[in-house]
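Participant: Pasting upload-v3.txt here (compact mmCIF, C-alpha atoms and all ligand atoms):
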```
# COMPACT_ATOMS: atom_id res chain seq x y z
CA MET A 3 0.00 0.00 0.00
CA ARG A 4 1.28 3.46 -0.90
CA ARG A 5 2.78 5.55 1.94
CA PHE A 6 2.76 9.30 2.46
CA PHE A 7 4.33 11.49 5.10
CA PHE A 8 2.47 14.23 6.93
CA GLU A 9 3.73 16.82 9.39
CA PRO A 10 2.24 16.24 12.87
CA ASN A 11 0.92 19.82 12.97
CA ASP A 12 -1.08 19.15 9.78
CA ARG A 13 -3.32 16.83 11.78
CA ASN A 14 -6.55 17.80 13.51
CA GLY A 15 -8.04 14.85 15.34
CA GLU A 16 -8.42 12.08 12.74
CA THR A 17 -8.23 14.54 9.82
CA VAL A 18 -4.88 15.01 8.08
CA PHE A 19 -3.78 17.37 5.30
CA LEU A 20 -0.83 16.39 3.10
CA SER A 21 1.74 18.93 1.96
CA GLU A 22 1.39 20.24 -1.59
CA GLU A 23 4.29 18.06 -2.65
CA GLU A 24 2.84 14.86 -1.16
CA SER A 25 -0.60 15.83 -2.54
CA TYR A 26 0.85 16.27 -6.03
CA HIS A 27 2.44 12.82 -5.78
CA LEU A 28 -0.83 11.21 -4.66
CA VAL A 29 -3.14 12.90 -7.18
CA LYS A 30 -1.03 13.62 -10.26
CA VAL A 31 1.65 10.92 -10.17
CA LEU A 32 -0.22 8.00 -8.62
CA ARG A 33 -3.63 9.20 -9.84
CA LEU A 34 -5.34 8.25 -6.61
CA SER A 35 -8.70 9.83 -5.86
CA LYS A 36 -11.35 10.28 -3.17
CA GLY A 37 -12.05 6.99 -1.37
CA ALA A 38 -8.56 5.57 -1.95
CA THR A 39 -6.90 3.94 1.06
CA VAL A 40 -3.24 4.67 1.81
CA GLU A 41 -0.79 4.43 4.70
CA LEU A 42 0.32 7.59 6.49
CA LEU A 43 3.53 8.19 8.44
CA ASP A 44 4.11 11.10 10.78
CA GLY A 45 7.80 10.26 11.17
CA SER A 46 7.45 9.47 14.87
CA GLY A 47 7.14 5.72 14.46
CA PHE A 48 3.38 5.44 13.88
CA VAL A 49 1.97 4.00 10.62
CA TYR A 50 -1.74 4.76 10.00
CA CYS A 51 -4.30 3.49 7.53
CA ALA A 52 -6.26 6.43 6.05
CA MET A 53 -8.86 7.19 3.41
CA VAL A 54 -8.70 10.10 0.97
CA THR A 55 -11.70 12.36 1.70
CA ALA A 56 -10.86 15.28 -0.60
CA THR A 57 -8.27 15.86 -3.30
CA GLY A 58 -6.86 19.21 -4.44
CA ARG A 59 -3.80 21.36 -3.76
CA ARG A 60 -3.65 19.79 -0.30
CA VAL A 61 -5.24 16.34 -0.07
CA GLU A 62 -7.43 15.69 2.98
CA LEU A 63 -7.55 12.24 4.56
CA HIS A 64 -9.31 10.58 7.46
CA ILE A 65 -7.28 8.26 9.70
CA GLU A 66 -9.11 4.95 9.95
CA ALA A 67 -6.71 2.91 12.12
CA ILE A 68 -3.19 2.59 13.53
CA VAL A 69 -1.34 -0.04 11.49
CA SER A 70 1.81 -0.18 13.61
CA LYS A 71 3.93 1.73 16.09
CA ASP A 72 7.61 0.99 16.55
CA ASP A 73 8.95 0.63 20.10
CA GLY A 74 10.90 3.88 19.82
CA LYS A 75 13.98 2.15 21.12
CA GLU A 76 16.00 2.25 17.90
CA GLN A 77 19.76 2.50 18.43
CA ILE A 78 21.25 5.93 17.65
CA ILE A 79 23.44 5.64 14.55
CA TRP A 80 24.65 9.19 13.82
CA VAL A 81 26.78 10.04 10.79
CA GLY A 82 28.92 13.17 10.54
CA GLN A 83 29.66 13.47 6.82
CA SER A 84 32.02 16.07 5.42
CA VAL A 85 30.18 17.75 2.56
CA LEU A 86 31.06 16.09 -0.72
CA LYS A 87 31.14 17.58 -4.21
CA GLY A 88 28.34 17.42 -6.76
CA ASP A 89 25.45 15.09 -6.10
CA LYS A 90 27.38 12.59 -3.97
CA MET A 91 25.61 13.86 -0.84
CA ASP A 92 22.29 12.93 -2.50
CA THR A 93 23.53 9.33 -2.63
CA VAL A 94 24.82 9.44 0.94
CA ALA A 95 21.51 10.86 2.26
CA GLN A 96 19.50 8.23 0.37
CA LYS A 97 21.66 5.24 1.35
CA CYS A 98 22.05 6.31 4.97
CA THR A 99 18.25 6.46 5.14
CA GLU A 100 17.87 2.99 3.64
CA LEU A 101 20.56 1.58 5.95
CA GLY A 102 18.78 2.85 9.07
CA VAL A 103 21.02 5.77 10.08
CA THR A 104 18.99 7.80 12.60
CA ARG A 105 20.75 11.17 12.25
CA MET A 106 23.07 12.75 9.69
CA THR A 107 25.01 15.99 10.03
CA PRO A 108 26.74 17.49 6.97
CA LEU A 109 30.08 18.94 8.07
CA ARG A 110 32.34 21.73 6.85
CA SER A 111 35.85 20.34 7.37
CA SER A 112 39.06 22.00 6.22
CA ARG A 113 39.48 20.07 2.96
CA CYS A 114 35.84 20.08 1.85
CA GLN A 115 35.71 20.92 -1.85
CA GLY A 116 31.91 21.17 -1.71
CA LYS A 117 31.83 24.67 -0.14
CA LEU A 118 28.28 25.88 0.74
CA ASN A 119 27.27 29.41 1.71
CA ALA A 120 24.15 30.01 3.87
CA GLU A 121 21.75 30.12 0.92
CA GLN A 122 23.27 27.04 -0.75
CA SER A 123 23.18 25.17 2.59
CA LEU A 124 19.44 25.82 2.88
CA LYS A 125 18.77 24.70 -0.69
CA LYS A 126 20.93 21.59 -0.36
CA HIS A 127 19.41 20.71 3.02
CA GLU A 128 15.91 20.88 1.51
CA ARG A 129 17.06 18.70 -1.42
CA TRP A 130 18.69 16.07 0.81
CA ARG A 131 15.62 16.08 3.09
CA ARG A 132 13.33 15.41 0.10
CA ILE A 133 15.59 12.59 -1.10
CA SER A 134 15.67 11.07 2.38
CA LEU A 135 11.87 11.31 2.72
CA ALA A 136 11.39 9.47 -0.56
CA ALA A 137 13.86 6.81 0.59
CA CYS A 138 11.96 6.50 3.89
CA LYS A 139 8.76 5.73 2.03
CA GLN A 140 10.48 3.34 -0.38
CA CYS A 141 12.21 1.31 2.36
CA LEU A 142 9.16 1.43 4.67
CA ARG A 143 10.93 3.27 7.50
CA SER A 144 8.44 4.63 10.02
CA ARG A 145 10.87 7.20 11.44
CA GLN A 146 12.54 9.82 9.28
CA LEU A 147 16.29 10.33 9.20
CA GLN A 148 17.04 13.44 11.26
CA LEU A 149 18.97 15.56 8.78
CA ASP A 150 20.76 18.56 10.30
CA MET A 151 21.86 21.76 8.63
CA PRO A 152 25.60 21.81 7.77
CA VAL A 153 27.87 22.81 10.67
CA SER A 154 31.62 23.25 11.12
CA TYR A 155 33.75 20.25 12.04
CA THR A 156 34.81 21.66 15.42
CA GLU A 157 31.28 22.81 16.36
CA TRP A 158 30.00 19.32 15.67
CA LEU A 159 32.75 17.62 17.69
CA ASP A 160 31.75 19.80 20.65
CA GLU A 161 28.03 19.03 20.15
CA VAL A 162 28.63 15.30 19.90
CA SER A 163 30.89 15.20 22.96
CA GLU A 164 27.69 15.69 25.01
CA CYS A 165 26.25 12.45 23.62
CA ALA A 166 27.09 10.33 26.68
CA GLU A 167 27.89 6.62 26.41
CA SER A 168 28.41 6.91 22.65
CA VAL A 169 31.04 5.02 20.66
CA ARG A 170 32.69 7.62 18.42
CA LEU A 171 34.48 6.36 15.31
CA LEU A 172 36.58 8.52 12.97
CA PHE A 173 37.24 6.65 9.72
CA TRP A 174 40.83 7.41 8.66
CA GLU A 175 42.73 5.84 5.81
CA GLU A 176 46.03 6.31 7.68
CA GLU A 177 44.89 4.19 10.64
CA LYS A 178 46.80 0.92 10.28
CA LYS A 179 45.67 -1.18 13.21
CA VAL A 180 42.14 -0.65 14.51
CA ARG A 181 39.33 -2.25 12.50
CA LEU A 182 35.59 -2.14 13.18
CA GLN A 183 35.61 -5.72 14.44
CA ASP A 184 38.07 -4.62 17.16
CA ILE A 185 35.67 -2.06 18.62
CA PRO A 186 34.02 -3.29 21.85
CA GLY A 187 30.42 -2.33 22.71
CA LEU A 188 29.02 -1.98 19.20
CA SER A 189 26.33 -4.54 19.84
CA ASN A 190 24.87 -3.39 23.15
CA ASN A 191 22.63 -0.60 21.90
CA GLN A 192 25.05 2.21 22.72
CA PRO A 193 24.80 5.24 20.40
CA VAL A 194 27.36 4.84 17.59
CA ILE A 195 28.66 8.02 15.95
CA LEU A 196 30.58 7.77 12.67
CA LEU A 197 32.74 10.55 11.23
CA LEU A 198 33.72 10.47 7.56
CA GLY A 199 35.88 12.83 5.58
CA PRO A 200 35.66 14.66 2.25
CA GLU A 201 37.34 13.71 -1.01
CA GLY A 202 40.56 15.30 0.28
CA GLY A 203 40.39 13.53 3.64
CA PHE A 204 40.86 14.99 7.13
CA SER A 205 43.93 17.03 8.06
CA ARG A 206 46.21 15.57 10.70
CA GLU A 207 45.17 18.43 13.03
CA GLU A 208 41.51 17.46 12.60
CA VAL A 209 42.31 13.82 13.40
CA GLU A 210 44.36 14.76 16.49
CA HIS A 211 41.61 17.16 17.66
CA ALA A 212 39.06 14.35 17.49
CA ARG A 213 41.36 11.83 19.15
CA LYS A 214 41.90 14.21 22.09
CA MET A 215 38.08 14.28 22.48
CA GLY A 216 37.87 10.50 22.73
CA TRP A 217 37.30 9.55 19.10
CA ILE A 218 38.72 6.21 17.95
CA THR A 219 40.38 6.21 14.52
CA VAL A 220 39.28 3.19 12.51
CA SER A 221 40.54 1.64 9.28
CA LEU A 222 38.34 0.24 6.51
CA GLY A 223 41.29 -1.76 5.16
CA LYS A 224 44.39 -1.01 3.13
CA ARG A 225 42.67 0.38 0.04
CA ILE A 226 41.65 4.05 -0.03
CA LEU A 227 37.90 4.15 -0.70
CA ARG A 228 36.09 6.99 -2.42
CA ALA A 229 34.37 9.16 0.16
CA GLU A 230 30.86 7.97 -0.66
CA THR A 231 32.03 4.32 -0.78
CA ALA A 232 33.64 4.70 2.65
CA THR A 233 30.46 6.05 4.22
CA LEU A 234 28.23 3.30 2.85
CA THR A 235 30.79 0.65 3.81
CA ALA A 236 31.28 1.99 7.35
CA VAL A 237 27.53 2.33 7.96
CA SER A 238 26.79 -1.14 6.55
CA ILE A 239 29.41 -2.86 8.71
CA VAL A 240 28.36 -0.94 11.85
CA GLN A 241 24.71 -1.85 11.19
CA TYR A 242 25.69 -5.48 10.70
CA LEU A 243 27.80 -5.58 13.90
CA THR A 244 25.04 -3.88 15.91
CA GLY A 245 22.42 -6.29 14.60
CA ASN A 246 20.50 -3.58 12.74
CA LEU A 247 20.99 -5.28 9.36
N1 LIG B 1 43.24 11.10 2.00
C1 LIG B 1 42.64 10.26 0.96
C2 LIG B 1 43.58 10.11 -0.23
O1 LIG B 1 44.78 10.20 0.00
O2 LIG B 1 43.11 9.88 -1.34
C3 LIG B 1 41.35 10.84 0.51
C4 LIG B 1 40.24 10.63 1.55
S1 LIG B 1 39.09 9.38 1.17
C5 LIG B 1 38.80 9.62 -0.53
C6 LIG B 1 37.60 10.09 1.85
C7 LIG B 1 37.24 9.61 3.25
O3 LIG B 1 36.87 8.25 3.18
C8 LIG B 1 38.34 9.68 4.27
O4 LIG B 1 38.39 10.95 4.89
C9 LIG B 1 37.91 8.62 5.26
O5 LIG B 1 36.94 9.15 6.16
C10 LIG B 1 37.27 7.57 4.37
N2 LIG B 1 38.14 6.47 3.98
C11 LIG B 1 38.52 6.16 2.72
N3 LIG B 1 39.28 5.04 2.71
C12 LIG B 1 39.38 4.64 4.01
C13 LIG B 1 40.05 3.57 4.67
N4 LIG B 1 40.76 2.65 4.01
N5 LIG B 1 39.96 3.48 6.03
C14 LIG B 1 39.25 4.40 6.73
N6 LIG B 1 38.60 5.44 6.17
C15 LIG B 1 38.67 5.56 4.82
```
Could I get this structure in the form of structure tokens?
Facilitator:
Amino acid sequence: MRRFFFEPNDRNGETVFLSEEESYHLVKVLRLSKGATVELLDGSGFVYCAMVTATGRRVELHIEAIVSKDDGKEQIIWVGQSVLKGDKMDTVAQKCTELGVTRMTPLRSSRCQGKLNAEQSLKKHERWRRISLAACKQCLRSRQLQLDMPVSYTEWLDEVSECAESVRLLFWEEEKKVRLQDIPGLSNNQPVILLLGPEGGFSREEVEHARKMGWITVSLGKRILRAETATLTAVSIVQYLTGNL
């Protein structure tokens, strides 16, 4: 059954209004009409069954039943991704969503080639959010990926240092010993925070700064992976080791 997202504040009792974008998809792309039954997600873990009661610029639906509610106990898997060039971040946002990442923060690190000013950051954030939302529906996730606005590398390290009990992993191609399978505690539901660099990698100062704050540098093997390959590989292995895949 087709799924659509709605913003919680677009609900009044059992009546829900879809955004213009979701309404366009329902009416124009999928050609659904009044009386059709669909599933609705509000991104908080609930899945509802609902009937279309009015179509138009903003489709109106009536919630008929709760289909499912997840237990809300999903493990925090948080990715800090240095902003990549071109449309690589589209791929990263989509695949991180499919792989069950719970939060993603685009980072401005010193060797980022994908420089974004305030206006570009807003536009890109909206684009990545749309891509992630579509991936959520496609992979039947009931909770959206929390996608932050881009922040600086050092700001983010400070923010993350408040995430108690987390395992913090900086993926570094110059790390020669530590592998993911050597990291204790990945499987007992602790928050896992992954930090991945841009096409030009992290500077040694950035690596040392993170290490001093308790980050563990981790190798993904002797070959140097493309940035987007490294992120998908790191997330996949972490999800496998934590039992989320
Ligand atoms: N410094 C690299 C070089 O000399 O080509 C470029 C960085 S690599 C293309 C982009 C990012 O992917 C790195 O910052 C790192 O986070 C991750 N990465 C790539 N290969 C890796 C490996 N073998 N082990 C750990 N991380 C890796």
Participant: Give me, as a count of residues only, the set of residues whose atoms come within 12 Å of any atom of ligand LIG 1 (chain B), counting all atoms listed in the file.
Facilitator: 58
Participant: Mind giving me the straight-line distance from atom CA of His27 of chain A to atom CA of Arg5 of chain A in Å, one decimal?
Facilitator: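 That distance, rounded to one decimal, is 10.6 Å.
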Participant: So what do you get for atom CA of Val29 of chain A versus atom CA of Asp12 of chain A, distance-wise?
Facilitator: 18.2 Å
Participant: Restricting the calculation to only C-alpha atoms, which member of A:Val194, A:Val61, A:Met215, A:Ile239 is positioned closest to Leu28 of chain A?
Facilitator: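 The shortest atom-to-atom distance to Leu28 of chain A comes from A:Val61.
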Participant: When distances are computed from all atoms listed in the file, which of A:Leu118, A:Val49, A:Gly216, A:Thr99 shows the smallest separation from Ala67 of chain A?
Facilitator: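 Under the stated criterion, the closest residue is A:Val49.
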Participant: Report, in Å to a single decimal, how far apart atom CA of Glu62 of chain A and atom CA of Gly15 of chain A are.
Facilitator: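 According to the coordinates, atom CA of Gly15 of chain A and atom CA of Glu62 of chain A are separated by 12.4 Å.
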Participant: For Ser144 of chain A, which residue out of A:Lys71, A:Arg13, A:His64, A:Lys214 is the nearest one, using all atoms listed in the file?
Facilitator: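 Ranking A:Lys71, A:Arg13, A:His64, A:Lys214 by distance to Ser144 of chain A, first place goes to A:Lys71.
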Participant: Which of these, A:Ile133, A:Val18, A:Met3, A:Ala95, has the shortest distance to Val69 of chain A once you count all atoms listed in the file?
Facilitator: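 Using all atoms listed in the file, the shortest distance to Val69 of chain A belongs to A:Met3.
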Participant: Take the point (18.9, 11.0, 14.4) as written in the file and pick out every residue within 6 Å of it, counting only C-alpha atoms; give the list as a ChimeraX atom specification.
Facilitator: /A:104-105,147-148
Participant: Step by step: start from the point (-3.2, 2.9, 17.5) in the file's coordinates, keep every protein, DNA or RNA residue that has an atom no farther than 12 Å from it, count all atoms listed in the file, and write the set as number ranges by chain.
Facilitator: A: 16, 47-51, 65-72
Participant: Could you list, as a list in words, every residue within 6 Å of Ser25 of chain A, counting only C-alpha atoms and ignoring same-chain residues fewer than 4 positions away?
Facilitator: Leu20, Ser21, Arg60 and Val61 of chain A
Participant: So that I can see what lies close to segment 129-131 of chain A, please list as a list in words the residues with an atom at most 10 Å from it, counting all atoms listed in the file and leaving out residues fewer than 2 positions away in the same chain.
Facilitator: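 Residues near the query, excluding close chain neighbours: Asp89, Met91, Asp92, Thr93, Val94, Ala95, Gln96, Ser123, Leu124, Lys125, Lys126, His127, Ile133, Ser134, Leu135, Ala136, Ala137, Gln146, Leu147, Gln148, Leu149 and Asp150 of chain A.
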Participant: Given the choices A:Cys98, A:Ala212, A:Cys138, A:Ala38, which gets closest to Ile79 of chain A if the distance is worked out from only C-alpha atoms?
Facilitator: A:Cys98
